[in-house]
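> This is the structure, below, for whatever I ask next.
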Amino acid sequence: MTDVASLRPLAAVLVSVVAIPLILGSHGRPNLREAWTMLAALTKVAIVGSMVPGVLSGTVYVTDLGTIVADVGFVLRVDALGLLFGLLASALWVVTSLYSIGYMRGLSEHNQTRYFASFAASLATAIGVAFASNLVTLFIFYELLTVATYPLVAHDETDEARAAGRKYLAYTFIGGVAVLTGTLLVYFLTGTTAFSAGGIADLATADPALARLAFGLLAGGFGVKAALMPVHSWLPDAMVAPTPVSGLLHAVAVVKSGVFGIARVTLDVFGPETVQDLGVGLPLAAVAAFTLLTASVIALRQDNLKRRLAYSTISQLSYIVLGLGVLSGDAIVGGLLHIPAHAFMKLTLFFCAGAIHVETHTDDISDMAGIGKRMPLTMTAFAIAAAGMAGIPLVAGFVSKWYLLIGSVDAGQAVFAIALLVSGMLNIAYFWPIVYQAFFESEDEDDHDSKPLLEGSFGGRFAVADRATASEPAAVRADGGDEAEAGDDHAESADSGHDETDADDHHDAAADHDHHHGGPPEGGWERVGWRGGESTWFMLGPILTAAAGAVALGVVPAAAVFLQIVQLVAENVGVVA
């Protein structure tokens with residue numbers, strides 16, 4: 001690998017930092033505000049993407065910003081592992097920004113400007129986590145990510161949302177203290193905190209007891225955001241956040257920063273060989289196996305769709321940690337490849353849950369019988385992503401889990417392969433009833449043998465009676481706005497074609513939109529065609545894009561850049577896949 005001085009790592013962080021004041025300054029002009037968001041997202045992914053060819057050819061891009069404390073530099077460094085996380089987060093910010101526009105306007109949500117500004121701050125810190133060159137820099141961005149995402153978790157400003165936000169802060173800050181303590185211990189043992197492919201050499205000869213303690217503190221601290229049991233309960237509670245937050249931050253940036261931290265510790269601080277010599281890999285894999293099975297069982301009992309997805313996330317994150325704990329080449333490749341695989345699949349599922357909520361105000365699975373005729377494209381994308389989560393071929397989850405299975409067997413840890421297979425069956429058990437109920441049951445309790453999918457019309461756009469008429473589509477509000485936003489720029493509001501609503505009434509406005517609060521309206525679900533009439537394309541487009549990404553990773557994994565990056569990571573740390 002060759003280090004090359006470059007400002008691109010810094011630019012990738014700063015582009016969304018620069019966007020924050022521009023977004024805040026556009027608080028009364030929603031179209032301009034969202035244009036800044038999209039411009040920042042596209043610029044960020046372009047900057048990160050421009051480094052892909054160089055990293056794949058062995059170049060490491062470095063921005064040295066000086067010294068934080070003695071012998072510790074504030075340095076951004078884009079190597080293969082950092083690029084994996086950075087490219088994923090920046091690419092998915094683009095589709096999530098589009099989805100957020102449809103979601104936030106569709107519900108006439110309040111404080112939309114704060115929401116988009118917090119999102120930009122979150123992506124800046126997530127890229128900082130990805131490109132940090134040492135444990136101290138990683139810790140700084142890791143803690144800033146917690147601060148930046150708190151307003152998103154507590155966005156609704158209800159008692160439940162505030163309680164979830166406080167719990168999120170408490171858990172993650174305690175985890176941060178553990179990370180800082182482990183970092184200080186590594187510095188005490190080696191005199192450095194800099195990442196090195198294959199591990200810091202001096203840790204191999206350090207006091208084994210202290211080295212194990214340092215590993216435990218670091219893995220445990222990062223394990224909080226990775227939602228390893230028993231420090232997982234903040235994640236289901238954080239599902240009170242708007243669905244785009246649940247999707248990107250709780251399926252990509254926040255929780256993935258936890259597993260990314262564990263990957264850095266395992267591969268670039270201790271290294272696979274030292275982890276194996278210290279005997280800490282097996283306990284880490286055991287905790288992951290326990291978590292992935294237990295969370296899957298708990299998911300079976302959740303009727304709220306987002307909470308079921310949350311427990312599914314807890315389970316799926318542990319696949320990644322399991323691969324890092326098993327330590328064989330194929331297991332590491334499978335674990336790291338599951339980072340993007342899970343992101344595309346889970347983002348699709350959360351996007352679908354959000355679209356269902358916006359269009360029908362339905363959140364509970366028990367209310368979704370027959371909803372496939374009301375939202376056919378959405379539920380088809382949901383079915384594809386759910387199949388991938390269960391490891392069905394032709395979707396991304398199959399490829400990553402295949403590597404994990406053969407890696408576990410090659411390492412002589414068949415018990416973990418069995419755990420993976422059992423978890424896959426549990427995935428089917430808690431996802432298939434949702435898909436079956438949506439397409440093959442009727443909302444009429446007296447006629448559950450009805451088959452909505454088979455009866456569906458394949459014609460053009462059908463408008464929902466209580467949303468719009470075919471000639472006059474339903475309005476999508478540009479901004480729920482706080483009081484300051486509501487009065488600032490009526491010209492822009494008129495430009496967007498929508499009225500601002502008062503912040504205190506945003507939930508009532510959303511409820512009035514469909515005149516019911518969950519489940520099919522009186523008379524059953526309105527039948528909608530397959531041409532996108534079920535929702536705005538601001539939401540449908542990202543749903544189908546994320547689902548297509550999951551399929552692409554499953555059908556042509558060798559052509560996907562993420563697999564190439566993961567294989568390069570394994571090569572750099574000295575394991576053979």
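Each chain in the structure tokens gets a letter, A, B and so on, in the order shown; residues start at 1 in every chain, and ligands are counted from 1 in the order they appear.
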For A:Val240, find every residue with an atom within 8 Å (counting only C-alpha atoms), except residues of its own chain fewer than 2 positions away, and show them as a CSV table (one decimal) with N, CA, C and O atoms, in the first residue's frame.

chain,number,residue,atom,x,y,z
A,153,VAL,N,-33.4,10.9,16.7
A,153,VAL,CA,-34.0,9.9,17.5
A,153,VAL,C,-35.2,10.5,18.3
A,153,VAL,O,-36.3,9.9,18.3
A,154,ALA,N,-35.0,11.7,18.8
A,154,ALA,CA,-36.0,12.4,19.6
A,154,ALA,C,-36.9,13.3,18.8
A,154,ALA,O,-37.6,14.2,19.3
A,156,ASP,N,-39.8,13.4,17.2
A,156,ASP,CA,-41.2,13.6,17.4
A,156,ASP,C,-41.5,14.4,18.6
A,156,ASP,O,-42.6,15.0,18.8
A,160,GLU,N,-42.4,9.7,24.7
A,160,GLU,CA,-41.8,8.4,24.3
A,160,GLU,C,-40.5,8.7,23.5
A,160,GLU,O,-39.5,8.0,23.7
A,161,ALA,N,-40.5,9.7,22.6
A,161,ALA,CA,-39.3,10.0,21.8
A,161,ALA,C,-38.2,10.5,22.7
A,161,ALA,O,-37.0,10.2,22.5
A,164,ALA,N,-36.7,7.7,24.6
A,164,ALA,CA,-35.8,6.9,23.8
A,164,ALA,C,-34.5,7.6,23.5
A,164,ALA,O,-33.5,7.0,23.4
A,237,ASP,N,-36.2,0.7,21.0
A,237,ASP,CA,-36.9,1.9,21.5
A,237,ASP,C,-36.7,3.1,20.6
A,237,ASP,O,-37.5,4.0,20.5
A,238,ALA,N,-35.5,3.1,19.9
A,238,ALA,CA,-35.2,4.3,19.0
A,238,ALA,C,-36.0,4.2,17.7
A,238,ALA,O,-35.9,5.1,16.9
A,242,PRO,N,-38.4,9.0,13.0
A,242,PRO,CA,-38.9,8.9,11.6
A,242,PRO,C,-38.3,7.8,10.9
A,242,PRO,O,-37.1,7.5,11.1
> Which residues of stretch 143-257 of chain A come within 9 Å of stretch 104-124 of chain A, and what is each one's closest atom pair and distance in Å (one decimal), counting only C-alpha atoms, sorted by chain and residue number, as a Markdown table?

| residue | atom | partner | partner_atom | distance |
| --- | --- | --- | --- | --- |
| A:Leu144 | CA | A:Ser122 | CA | 8.2 |
| A:Leu145 | CA | A:Ser122 | CA | 5.7 |
| A:Thr146 | CA | A:Ser122 | CA | 8.3 |
| A:Val147 | CA | A:Ser122 | CA | 8.5 |
| A:Ala148 | CA | A:Ser122 | CA | 5.2 |
| A:Thr149 | CA | A:Ser122 | CA | 5.9 |
| A:Tyr150 | CA | A:Ser118 | CA | 8.6 |
| A:Pro151 | CA | A:Ser118 | CA | 6.8 |
| A:Leu152 | CA | A:Tyr115 | CA | 6.4 |
| A:His155 | CA | A:Tyr115 | CA | 7.5 |
| A:Asp156 | CA | A:His110 | CA | 8.2 |
| A:Pro242 | CA | A:Met104 | CA | 8.4 |
| A:Val245 | CA | A:Phe119 | CA | 8.3 |
| A:Leu249 | CA | A:Ser122 | CA | 8.2 |
| A:Ala253 | CA | A:Leu123 | CA | 7.6 |
| A:Val254 | CA | A:Ser122 | CA | 8.7 |
> Pick the closest to A:Trp432 from A:Phe260, A:Met379, A:Ser90, A:Ala206: which is it, counting only C-alpha atoms?
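With only C-alpha atoms as the atom set, the closest residue is A:Met379.
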> Quick one, how far is atom CA of A:Leu135 from atom CA of A:Pro21?
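Atom CA of A:Pro21 lies 29.2 Å from atom CA of A:Leu135.
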> Just asking: which residues within stretch 253-305 of chain A are helix (DSSP H, G or I) according to DSSP, as a PyMOL selection string?
chain A and resi 253-270+272-278+281-299+305
> For N, CA and C atoms, I'd like the residues from the last selection saved as a CSV table (one decimal), in the first residue's frame.

chain,number,residue,atom,x,y,z
A,253,ALA,N,-25.6,3.9,9.3
A,253,ALA,CA,-24.6,4.7,9.9
A,253,ALA,C,-24.3,4.4,11.4
A,254,VAL,N,-25.3,4.5,12.2
A,254,VAL,CA,-25.1,4.3,13.6
A,254,VAL,C,-24.7,2.9,14.0
A,255,VAL,N,-25.6,2.0,13.7
A,255,VAL,CA,-25.2,0.6,14.1
A,255,VAL,C,-24.0,0.0,13.3
A,256,LYS,N,-23.9,0.5,12.1
A,256,LYS,CA,-22.7,0.0,11.3
A,256,LYS,C,-21.4,0.6,11.9
A,257,SER,N,-21.5,1.8,12.5
A,257,SER,CA,-20.3,2.4,13.1
A,257,SER,C,-19.9,1.5,14.3
A,258,GLY,N,-20.8,0.8,14.9
A,258,GLY,CA,-20.4,-0.1,16.0
A,258,GLY,C,-19.7,-1.3,15.4
A,259,VAL,N,-20.3,-2.0,14.4
A,259,VAL,CA,-19.6,-3.2,13.9
A,259,VAL,C,-18.3,-2.8,13.1
A,260,PHE,N,-18.3,-1.6,12.6
A,260,PHE,CA,-17.1,-1.1,11.9
A,260,PHE,C,-16.0,-0.9,13.0
A,261,GLY,N,-16.3,-0.4,14.1
A,261,GLY,CA,-15.4,-0.2,15.2
A,261,GLY,C,-14.8,-1.6,15.6
A,262,ILE,N,-15.7,-2.6,15.8
A,262,ILE,CA,-15.2,-3.9,16.1
A,262,ILE,C,-14.3,-4.5,15.0
A,263,ALA,N,-14.6,-4.2,13.8
A,263,ALA,CA,-13.8,-4.6,12.7
A,263,ALA,C,-12.4,-4.0,12.7
A,264,ARG,N,-12.3,-2.7,13.0
A,264,ARG,CA,-11.0,-2.0,13.2
A,264,ARG,C,-10.2,-2.6,14.3
A,265,VAL,N,-10.9,-2.8,15.4
A,265,VAL,CA,-10.2,-3.4,16.6
A,265,VAL,C,-9.6,-4.8,16.3
A,266,THR,N,-10.5,-5.6,15.6
A,266,THR,CA,-10.1,-7.0,15.3
A,266,THR,C,-9.0,-7.1,14.3
A,267,LEU,N,-9.1,-6.3,13.2
A,267,LEU,CA,-8.3,-6.4,12.1
A,267,LEU,C,-7.1,-5.5,12.1
A,268,ASP,N,-7.2,-4.3,12.6
A,268,ASP,CA,-6.2,-3.2,12.5
A,268,ASP,C,-5.6,-2.8,13.8
A,269,VAL,N,-6.1,-3.2,14.9
A,269,VAL,CA,-5.5,-2.8,16.2
A,269,VAL,C,-4.8,-4.1,16.7
A,270,PHE,N,-5.6,-5.2,16.9
A,270,PHE,CA,-5.0,-6.4,17.4
A,270,PHE,C,-4.5,-7.3,16.3
A,272,PRO,N,-5.8,-10.4,13.3
A,272,PRO,CA,-6.4,-11.8,13.4
A,272,PRO,C,-5.5,-12.7,14.2
A,273,GLU,N,-4.1,-12.6,14.0
A,273,GLU,CA,-3.2,-13.6,14.6
A,273,GLU,C,-3.2,-13.3,16.1
A,274,THR,N,-3.1,-12.1,16.6
A,274,THR,CA,-3.0,-11.8,18.0
A,274,THR,C,-4.4,-12.0,18.7
A,275,VAL,N,-5.5,-11.8,18.0
A,275,VAL,CA,-6.8,-12.1,18.5
A,275,VAL,C,-6.9,-13.6,18.8
A,276,GLN,N,-6.4,-14.4,17.9
A,276,GLN,CA,-6.4,-15.8,18.0
A,276,GLN,C,-5.5,-16.3,19.2
A,277,ASP,N,-4.3,-15.7,19.2
A,277,ASP,CA,-3.4,-16.0,20.3
A,277,ASP,C,-3.9,-15.7,21.7
A,278,LEU,N,-4.6,-14.6,21.8
A,278,LEU,CA,-5.2,-14.1,23.1
A,278,LEU,C,-6.4,-14.9,23.4
A,281,GLY,N,-11.3,-14.2,20.3
A,281,GLY,CA,-12.1,-14.3,19.1
A,281,GLY,C,-13.3,-15.2,19.4
A,282,LEU,N,-13.1,-16.3,20.0
A,282,LEU,CA,-14.2,-17.3,20.3
A,282,LEU,C,-15.3,-16.7,21.2
A,283,PRO,N,-14.9,-16.0,22.3
A,283,PRO,CA,-15.9,-15.4,23.1
A,283,PRO,C,-16.8,-14.4,22.4
A,284,LEU,N,-16.1,-13.6,21.5
A,284,LEU,CA,-16.8,-12.6,20.7
A,284,LEU,C,-17.8,-13.3,19.8
A,285,ALA,N,-17.4,-14.3,19.1
A,285,ALA,CA,-18.3,-15.1,18.2
A,285,ALA,C,-19.4,-15.7,19.0
A,286,ALA,N,-19.1,-16.2,20.2
A,286,ALA,CA,-20.2,-16.8,21.0
A,286,ALA,C,-21.3,-15.8,21.4
A,287,VAL,N,-20.8,-14.6,21.8
A,287,VAL,CA,-21.8,-13.5,22.1
A,287,VAL,C,-22.6,-13.2,20.9
A,288,ALA,N,-22.0,-13.1,19.7
A,288,ALA,CA,-22.7,-12.8,18.5
A,288,ALA,C,-23.7,-13.9,18.2
A,289,ALA,N,-23.3,-15.2,18.3
A,289,ALA,CA,-24.2,-16.2,18.0
A,289,ALA,C,-25.4,-16.2,19.0
A,290,PHE,N,-25.2,-16.0,20.2
A,290,PHE,CA,-26.3,-15.8,21.2
A,290,PHE,C,-27.2,-14.7,20.8
A,291,THR,N,-26.7,-13.6,20.4
A,291,THR,CA,-27.5,-12.4,20.1
A,291,THR,C,-28.3,-12.7,18.8
A,292,LEU,N,-27.7,-13.3,17.8
A,292,LEU,CA,-28.4,-13.5,16.5
A,292,LEU,C,-29.6,-14.4,16.7
A,293,LEU,N,-29.4,-15.4,17.6
A,293,LEU,CA,-30.5,-16.4,17.8
A,293,LEU,C,-31.6,-15.8,18.7
A,294,THR,N,-31.2,-15.2,19.8
A,294,THR,CA,-32.2,-14.6,20.7
A,294,THR,C,-33.0,-13.5,20.1
A,295,ALA,N,-32.3,-12.6,19.4
A,295,ALA,CA,-33.0,-11.5,18.8
A,295,ALA,C,-34.0,-12.0,17.7
A,296,SER,N,-33.7,-13.1,17.0
A,296,SER,CA,-34.6,-13.6,16.0
A,296,SER,C,-35.9,-14.2,16.7
A,297,VAL,N,-35.7,-14.8,17.9
A,297,VAL,CA,-36.8,-15.4,18.6
A,297,VAL,C,-37.7,-14.2,19.1
A,298,ILE,N,-37.1,-13.2,19.6
A,298,ILE,CA,-37.9,-12.0,20.1
A,298,ILE,C,-38.6,-11.4,19.0
A,299,ALA,N,-38.0,-11.3,17.8
A,299,ALA,CA,-38.6,-10.7,16.6
A,299,ALA,C,-40.0,-11.4,16.3
A,305,LEU,N,-44.4,-3.4,13.1
A,305,LEU,CA,-43.5,-3.7,12.0
A,305,LEU,C,-42.1,-3.2,12.3
> From the list A:Val62, A:Ala383, A:Val422, A:Leu540, which residue is nearest A:Val358 when using only C-alpha atoms?
A:Leu540
